[in-house]
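Trainee: Just dropping this structure here.
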2 protein chains.
Amino acid sequence: MSKSLSGVIALTFDVFGTVTDWRGSIIAEMEGFGKEKGISRDWAGFADSWRGGYRPSMDRVRRGDLPWTNIDALHRVILEQLLVEFQLPGLSDEQKDHLNRVWHRLMPWPDSVQGLTRLKKRYIIATLSNGNMALLVNMGKNAGLPWDCVLSGELFKHYKRDPEVYRGAVALLGLRPEQVMMVAAHKDDLQAAQRTGMRTGFVSRPREFGPGRPVDATPAPSFDVVAMDFLDLADKLGA
Amino acid sequence: MSKSLSGVIALTFDVFGTVTDWRGSIIAEMEGFGKEKGISRDWAGFADSWRGGYRPSMDRVRRGDLPWTNIDALHRVILEQLLVEFQLPGLSDEQKDHLNRVWHRLMPWPDSVQGLTRLKKRYIIATLSNGNMALLVNMGKNAGLPWDCVLSGELFKHYKRDPEVYRGAVALLGLRPEQVMMVAAHKDDLQAAQRTGMRTGFVSRPREFGPGRPVDATPAPSFDVVAMDFLDLADKLGA
C-alpha cells in the first residue's frame with residue numbers, strides 16, 4: 001500500500017451500482033410482481049427507465065428548480081409515469097409505496113458483504129449515497145451490509161456531485177479529506193470527491209447496466225486505488 | 001407485548017449513561033494516565049466534574065449564547081479548566097486531544113452489546129445522542145456496538161431535550177413518531193421524546209453516577225416499557 005494511503009481512516013461508499021445491483025434486483029422483483037399478477041412486460045426496460053429518470057430529477061433539485069426532495073419522493077414521481085408507460089393500472093397507494101420501496105430492498109453484488117466485512121476490520125466504513133437515510137438504513141438491514149455509519153446527501157440537502165456532500169461527510173467523521181477514501185464504480189463521483197481533497201477507490205462493476213451494455217470501466221490515472229471488486233479492494237487496502 | 005408496542009419498528013438510544021458507563025470508563029483511563037505519569041488525583045472527582053460541566057455548556061448552546069458547538073469542542077473547553085483545577089500542567093495539544101477523546105472510547109455496560117445484538121434482530125437500532133457523529137462512530141467501533149445507524153443532535157444542530165432532535169430522527173428514519181421508541185436511563189430525555197409522540201423505554205442504570213450516589217430510577221407511569229437492563233428490554237420487546 002502506498003504511503004499516501006496509509007493515512008486513510010474511513011471509506012465512504014457509493015451504493016447504487018457500487019454496493020448493490022439495482023438493475024438485477026428490480027428486474028427480479030418485477031418478474032415476481034408480474035407472475036403474481038399474471039402479466040408480462042419488459043422488466044429490464046422498466047428498471048432502466050426508472051434509473052434513467054433519476055439523474056434528471058436530481059438535477060432539477062441541484063439546479064434549484066425543485067426544493068429539497070429526497071430520493072424516495074423522486075423515485076415515486078418517476079414510478080407514476082412508468083405505471084402509465086408500461087400499462088400497469090389499478091394499483092393502490094399502498095401497493096405503489098411497496099413497489100417504490102424496492103430501492104430499499106436492493107441486493108448486494110456477490111462480493112459486497114464479504115468485502116465490507118473485511119474492510120470494516122481496518123477502516124470505518126460508511127455509505128455516502130444520494131439515497132435517503134431511511135432507504136439506506138432499510139437496505140443495510142435487509143442486505144446485511146455491516147456499515148459503521150450511514151451517511152447520505154439528505155443530511156446536507158445536496159446531491160452528489162455537489163462538493164457539500166463530500167465535505168459534509170468528512171466533517172461529520174471528524175477527519176481531514178485525505179483521511180477519507182470515496183469508493184465508487186462511477187468516475188464522476190470519484191472525480192468530484194477528489195476535487196474536495198478526498199482519496200479515491202475505483203471499483204469496476206461491468207454488469208451494472210446489464211449484459212451488452214458496456215460501462216466506462218477505464219479508471220482515471222489519478223485514482224488512488226483501482227479494484228476489480230470489494231475483495232480485491234480489501235486486498236489492496238491491506239484489510 | 002402490548003398492542004401499542006407491536007407497531008414499533010425502530011429503537012433510538014441515549015448513549016452516555018444508558019449504553020456506556022462514562023464514569024467508570026473515565027476513571028479507568030485516568031488511573032492509567034496517572035500511573036504512567038506517576039501522579040495520583042481524585043479521578044472519580046475528575047470524571048464527575050467533566051460530566052458536570054456538560055449540561056451547562058450545552059444549555060449555553062441551546063439558549064443561543066453560543067453558536068452551534070459540538071460535544072468534542074465543549075468537552076475540550078471543560079477539560080482545559082479541569083487540567084488547571086486538578087493541577088495537571090504541561091500537556092501538549094496532541095495529548096489533550098487524545099485525553100479529550102476518552103469520550104470516544106467509553107466502555108459499554110456489561111449487558112449492552114448482547115442486548116443490542118438481540119434487539120437488532122427485530123428492530124432498527126440507532127443512537128440518538130448529544131454526542132457528535134465522529135464520537136459516536138468511533139465509540140461504536142471501539143466498543144462493538146452493532147448500530148444500524150448513528151444519529152446525533154449534531155445532524156439537527158440541536159441538543160436533546162429540544163424537540164427538533166426527536167422529530168429529526170423520526171423523519172430521517174422515514175417513520176411516524178409512534179413507530180419509534182426512545183430508550184434512555186434518564187426520565188427527562190424520555191419525557192421530551194414522549195411530547196413528540198414517540199414511544200418510551202426506561203432502562204435503569206443505578207450505578208451511572210457511582211456507588212452511594214442514588215439516581216432517580218423511578219420510572220414515570222407513562223413510560224411504555226420499564227426494564228432493568230438491555231437483556232430485560234429485549235425480553236420485554238420480544239427480541
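Ordered as shown in the C-alpha cells, chains take letters A, B, and onward, while each chain numbers its residues from 1 and ligands are numbered from 1 in the order shown.
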Mind listing as a list in words which residues of chain A are within 7 Å of chain B, counting only C-alpha atoms?

Mentor: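 Here is what falls inside 7 Å: Met133, Ala134, Val137, Lys141, Asp148, Cys149, Val150, Leu155, Leu172, Leu173 and Gly174 of chain A.
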
Trainee: Save out the residues we just selected, N, CA and C atoms, as a compact mmCIF listing (two decimals), in the first residue's frame.

Mentor:
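Resulting contents of again_8.txt:
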```txt
# COMPACT_ATOMS: atom_id res chain seq x y z
N MET A 133 -31.77 8.56 4.00
CA MET A 133 -31.32 7.80 5.16
C MET A 133 -32.18 6.56 5.38
N ALA A 134 -33.50 6.70 5.33
CA ALA A 134 -34.38 5.56 5.59
C ALA A 134 -34.12 4.45 4.57
N VAL A 137 -30.76 2.79 5.49
CA VAL A 137 -30.85 2.01 6.72
C VAL A 137 -31.61 0.71 6.45
N LYS A 141 -30.02 -3.16 6.47
CA LYS A 141 -30.57 -4.20 7.33
C LYS A 141 -31.00 -5.41 6.50
N ASP A 148 -20.57 0.96 9.60
CA ASP A 148 -20.34 1.63 10.89
C ASP A 148 -21.25 2.83 11.02
N CYS A 149 -21.67 3.35 9.88
CA CYS A 149 -22.35 4.64 9.89
C CYS A 149 -23.02 4.84 8.53
N VAL A 150 -24.23 5.37 8.54
CA VAL A 150 -24.96 5.63 7.31
C VAL A 150 -24.94 7.14 7.05
N LEU A 155 -28.52 14.42 4.45
CA LEU A 155 -28.08 15.13 5.67
C LEU A 155 -27.62 16.54 5.36
N LEU A 172 -18.43 15.38 9.37
CA LEU A 172 -19.15 14.59 10.37
C LEU A 172 -18.28 13.47 10.92
N LEU A 173 -17.39 12.94 10.10
CA LEU A 173 -16.49 11.88 10.58
C LEU A 173 -15.34 12.44 11.41
N GLY A 174 -15.25 13.76 11.47
CA GLY A 174 -14.21 14.40 12.28
C GLY A 174 -12.81 14.16 11.72
```

Trainee: Write out as a PyMOL selection string the set of residues from segment 11-209 of chain B that DSSP, computed on the backbone, places in strand (DSSP E).

Mentor: chain B and resi 11-13+124-129+149-152+180-184+199-203

Trainee: Write out chain B, as a short mmCIF file (atom, residue, chain, number, x, y, z; two decimals) with C-alpha atoms, in the first residue's frame, after superposing it onto chain A by least squares using every C-alpha atom paired in order.

Mentor:
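Resulting contents of superposed21.cif:
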```
data_model
loop_
_atom_site.label_atom_id
_atom_site.label_comp_id
_atom_site.auth_asym_id
_atom_site.auth_seq_id
_atom_site.Cartn_x
_atom_site.Cartn_y
_atom_site.Cartn_z
CA MET B 1 0.03 -0.02 0.05
CA SER B 2 1.42 3.36 -0.93
CA LYS B 3 2.40 5.90 1.68
CA SER B 4 -0.43 8.28 0.73
CA LEU B 5 -2.93 5.55 1.59
CA SER B 6 -1.54 4.63 4.99
CA GLY B 7 -3.25 7.68 6.49
CA VAL B 8 -6.73 6.63 5.32
CA ILE B 9 -9.05 6.00 8.28
CA ALA B 10 -12.50 5.85 6.72
CA LEU B 11 -13.99 4.62 3.45
CA THR B 12 -17.24 6.13 2.14
CA PHE B 13 -19.14 4.12 -0.43
CA ASP B 14 -21.38 4.97 -3.30
CA VAL B 15 -24.25 2.49 -3.04
CA PHE B 16 -26.46 2.22 -6.16
CA GLY B 17 -24.37 0.21 -8.63
CA THR B 18 -21.25 0.09 -6.47
CA VAL B 19 -22.51 -1.94 -3.47
CA THR B 20 -25.88 -3.12 -4.78
CA ASP B 21 -27.12 -4.38 -8.14
CA TRP B 22 -30.12 -2.07 -8.68
CA ARG B 23 -30.88 -3.43 -12.17
CA GLY B 24 -30.85 -7.13 -11.33
CA SER B 25 -32.77 -6.51 -8.09
CA ILE B 26 -35.54 -4.52 -9.77
CA ILE B 27 -35.90 -6.99 -12.63
CA ALA B 28 -36.13 -9.90 -10.17
CA GLU B 29 -38.73 -8.17 -8.03
CA MET B 30 -40.81 -7.04 -11.02
CA GLU B 31 -40.75 -10.54 -12.48
CA GLY B 32 -42.24 -11.76 -9.21
CA PHE B 33 -44.80 -8.96 -9.37
CA GLY B 34 -45.68 -9.91 -12.97
CA LYS B 35 -46.05 -13.58 -12.13
CA GLU B 36 -48.35 -12.73 -9.24
CA LYS B 37 -50.51 -10.51 -11.45
CA GLY B 38 -50.29 -12.84 -14.43
CA ILE B 39 -48.81 -10.17 -16.70
CA SER B 40 -45.57 -9.86 -18.59
CA ARG B 41 -43.68 -6.68 -19.50
CA ASP B 42 -40.18 -5.65 -20.47
CA TRP B 43 -38.98 -5.54 -16.85
CA ALA B 44 -35.38 -4.79 -17.84
CA GLY B 45 -36.68 -1.77 -19.73
CA PHE B 46 -38.75 -0.86 -16.68
CA ALA B 47 -35.66 -0.96 -14.45
CA ASP B 48 -33.62 1.05 -16.94
CA SER B 49 -36.32 3.70 -17.31
CA TRP B 50 -36.67 4.05 -13.55
CA ARG B 51 -32.97 4.52 -13.14
CA GLY B 52 -32.91 6.75 -16.22
CA GLY B 53 -35.34 9.18 -14.62
CA TYR B 54 -33.21 9.55 -11.53
CA ARG B 55 -30.41 11.78 -12.75
CA PRO B 56 -32.68 14.37 -14.45
CA SER B 57 -34.89 14.51 -11.31
CA MET B 58 -31.89 15.06 -9.06
CA ASP B 59 -30.53 17.67 -11.41
CA ARG B 60 -33.78 19.64 -11.04
CA VAL B 61 -33.14 19.69 -7.28
CA ARG B 62 -29.48 20.53 -7.75
CA ARG B 63 -30.35 23.48 -10.03
CA GLY B 64 -32.92 24.73 -7.54
CA ASP B 65 -35.91 24.12 -9.88
CA LEU B 66 -37.32 21.88 -7.15
CA PRO B 67 -36.95 22.44 -3.39
CA TRP B 68 -35.12 19.71 -1.48
CA THR B 69 -36.81 16.39 -2.33
CA ASN B 70 -35.45 13.05 -1.23
CA ILE B 71 -34.88 10.03 -3.44
CA ASP B 72 -37.93 8.13 -2.20
CA ALA B 73 -40.10 11.02 -3.36
CA LEU B 74 -38.24 11.39 -6.68
CA HIS B 75 -38.49 7.63 -7.31
CA ARG B 76 -42.21 7.79 -6.62
CA VAL B 77 -42.80 10.53 -9.20
CA ILE B 78 -40.90 8.53 -11.82
CA LEU B 79 -42.81 5.38 -10.85
CA GLU B 80 -46.15 7.09 -11.51
CA GLN B 81 -45.00 7.83 -15.07
CA LEU B 82 -43.73 4.28 -15.57
CA LEU B 83 -47.03 2.77 -14.41
CA VAL B 84 -48.72 4.64 -17.27
CA GLU B 85 -45.98 3.94 -19.81
CA PHE B 86 -45.84 0.20 -19.05
CA GLN B 87 -49.63 -0.08 -18.73
CA LEU B 88 -49.83 -1.16 -15.11
CA PRO B 89 -53.07 0.47 -13.92
CA GLY B 90 -55.15 -0.03 -10.82
CA LEU B 91 -52.51 -0.12 -8.08
CA SER B 92 -53.50 1.26 -4.69
CA ASP B 93 -51.37 3.90 -2.97
CA GLU B 94 -50.15 1.21 -0.60
CA GLN B 95 -49.12 -1.06 -3.46
CA LYS B 96 -47.29 1.81 -5.15
CA ASP B 97 -45.47 2.61 -1.90
CA HIS B 98 -44.41 -1.00 -1.57
CA LEU B 99 -43.20 -1.08 -5.17
CA ASN B 100 -41.34 2.20 -4.69
CA ARG B 101 -39.51 0.71 -1.77
CA VAL B 102 -37.89 -1.91 -3.99
CA TRP B 103 -34.98 0.55 -3.78
CA HIS B 104 -34.83 -0.24 -0.04
CA ARG B 105 -34.55 -3.92 -0.90
CA LEU B 106 -31.74 -3.86 -3.48
CA MET B 107 -29.46 -6.87 -3.30
CA PRO B 108 -25.68 -6.56 -2.94
CA TRP B 109 -23.19 -7.75 -5.55
CA PRO B 110 -21.89 -11.21 -4.59
CA ASP B 111 -18.62 -9.84 -3.15
CA SER B 112 -20.07 -6.82 -1.30
CA VAL B 113 -20.88 -8.24 2.16
CA GLN B 114 -17.69 -10.27 2.43
CA GLY B 115 -15.55 -7.40 1.17
CA LEU B 116 -17.17 -4.85 3.50
CA THR B 117 -16.79 -7.21 6.44
CA ARG B 118 -13.06 -7.44 5.77
CA LEU B 119 -12.67 -3.70 5.17
CA LYS B 120 -14.59 -2.93 8.38
CA LYS B 121 -11.88 -4.61 10.45
CA ARG B 122 -9.36 -1.97 9.43
CA TYR B 123 -11.43 1.05 8.40
CA ILE B 124 -14.56 2.94 9.35
CA ILE B 125 -16.98 2.04 6.56
CA ALA B 126 -19.88 4.34 5.74
CA THR B 127 -22.33 4.89 2.93
CA LEU B 128 -22.15 8.18 1.05
CA SER B 129 -25.10 7.93 -1.26
CA ASN B 130 -27.82 10.02 -2.80
CA GLY B 131 -30.28 7.53 -1.35
CA ASN B 132 -32.14 8.95 1.64
CA MET B 133 -31.32 7.80 5.15
CA ALA B 134 -34.38 5.55 5.58
CA LEU B 135 -33.66 3.87 2.25
CA LEU B 136 -30.04 3.23 3.19
CA VAL B 137 -30.85 2.01 6.70
CA ASN B 138 -33.50 -0.39 5.43
CA MET B 139 -31.22 -1.58 2.62
CA GLY B 140 -28.36 -2.17 5.01
CA LYS B 141 -30.58 -4.20 7.31
CA ASN B 142 -32.18 -6.19 4.51
CA ALA B 143 -28.94 -6.96 2.71
CA GLY B 144 -26.75 -7.41 5.80
CA LEU B 145 -24.35 -4.57 4.97
CA PRO B 146 -22.22 -4.03 8.09
CA TRP B 147 -21.95 -0.21 7.98
CA ASP B 148 -20.34 1.62 10.87
CA CYS B 149 -22.35 4.64 9.88
CA VAL B 150 -24.95 5.63 7.29
CA LEU B 151 -24.33 8.97 5.57
CA SER B 152 -26.48 10.43 2.83
CA GLY B 153 -26.73 13.57 0.71
CA GLU B 154 -30.03 14.05 2.56
CA LEU B 155 -28.07 15.13 5.66
CA PHE B 156 -26.67 18.07 3.72
CA LYS B 157 -29.67 18.70 1.47
CA HIS B 158 -27.38 18.31 -1.52
CA TYR B 159 -26.88 15.57 -4.07
CA LYS B 160 -23.59 14.21 -5.29
CA ARG B 161 -21.68 15.51 -7.25
CA ASP B 162 -22.14 18.74 -5.22
CA PRO B 163 -19.00 19.29 -3.09
CA GLU B 164 -21.17 19.91 0.00
CA VAL B 165 -21.88 16.17 0.21
CA TYR B 166 -18.23 15.09 0.32
CA ARG B 167 -17.16 17.93 2.61
CA GLY B 168 -20.11 17.30 4.89
CA ALA B 169 -19.28 13.61 5.28
CA VAL B 170 -15.62 14.30 6.05
CA ALA B 171 -16.63 16.89 8.66
CA LEU B 172 -19.14 14.58 10.38
CA LEU B 173 -16.49 11.87 10.58
CA GLY B 174 -14.20 14.39 12.28
CA LEU B 175 -11.43 13.69 9.77
CA ARG B 176 -9.38 15.54 7.18
CA PRO B 177 -10.25 14.95 3.49
CA GLU B 178 -7.08 12.94 2.84
CA GLN B 179 -8.07 10.56 5.65
CA VAL B 180 -11.24 9.53 3.81
CA MET B 181 -11.47 7.49 0.61
CA MET B 182 -14.54 7.66 -1.62
CA VAL B 183 -15.22 4.27 -3.22
CA ALA B 184 -17.40 4.12 -6.33
CA ALA B 185 -17.88 2.47 -9.70
CA HIS B 186 -18.52 5.87 -11.27
CA LYS B 187 -15.70 8.11 -12.36
CA ASP B 188 -17.52 11.42 -11.98
CA ASP B 189 -18.38 10.61 -8.37
CA LEU B 190 -14.71 9.96 -7.61
CA GLN B 191 -13.56 13.02 -9.52
CA ALA B 192 -15.95 15.21 -7.51
CA ALA B 193 -14.64 13.65 -4.27
CA GLN B 194 -11.08 14.20 -5.42
CA ARG B 195 -11.73 17.90 -6.00
CA THR B 196 -12.51 18.20 -2.27
CA GLY B 197 -9.22 16.51 -1.34
CA MET B 198 -10.50 13.00 -0.65
CA ARG B 199 -8.72 9.82 -1.68
CA THR B 200 -10.39 7.69 -4.34
CA GLY B 201 -10.99 3.98 -4.89
CA PHE B 202 -12.45 2.85 -8.20
CA VAL B 203 -14.25 -0.49 -8.24
CA SER B 204 -15.28 -1.79 -11.63
CA ARG B 205 -18.88 -3.04 -11.92
CA PRO B 206 -19.08 -4.04 -15.58
CA ARG B 207 -22.56 -5.57 -15.25
CA GLU B 208 -24.24 -2.55 -13.64
CA PHE B 209 -26.24 -1.67 -16.76
CA GLY B 210 -26.84 -5.24 -17.88
CA PRO B 211 -25.36 -7.57 -20.48
CA GLY B 212 -24.10 -6.00 -23.66
CA ARG B 213 -24.25 -2.51 -22.16
CA PRO B 214 -20.60 -1.65 -21.65
CA VAL B 215 -19.75 0.77 -18.88
CA ASP B 216 -16.81 3.12 -18.79
CA ALA B 217 -14.53 0.95 -16.68
CA THR B 218 -11.30 2.75 -17.51
CA PRO B 219 -10.21 4.38 -14.29
CA ALA B 220 -8.72 7.86 -14.38
CA PRO B 221 -4.95 7.74 -13.80
CA SER B 222 -5.40 10.00 -10.76
CA PHE B 223 -7.40 7.45 -8.74
CA ASP B 224 -5.50 6.15 -5.73
CA VAL B 225 -6.71 2.54 -5.95
CA VAL B 226 -8.34 0.57 -8.74
CA ALA B 227 -9.99 -2.75 -7.87
CA MET B 228 -11.97 -5.43 -9.65
CA ASP B 229 -14.37 -5.91 -6.75
CA PHE B 230 -14.57 -5.41 -2.96
CA LEU B 231 -12.37 -8.44 -2.20
CA ASP B 232 -9.69 -7.04 -4.46
CA LEU B 233 -10.18 -3.65 -2.79
CA ALA B 234 -9.68 -5.28 0.64
CA ASP B 235 -6.49 -6.92 -0.63
CA LYS B 236 -5.19 -3.65 -2.00
CA LEU B 237 -6.05 -1.73 1.19
CA GLY B 238 -4.41 -4.30 3.45
CA ALA B 239 -7.68 -5.38 5.08
#
```

Trainee: Out of segment 16-185 of chain B, which residues get helix (DSSP H, G or I) from DSSP, as number ranges by chain?

Mentor: B: 22-37, 43-52, 54-63, 71-85, 93-104, 112-122, 133-143, 153-155, 163-172, 177-179
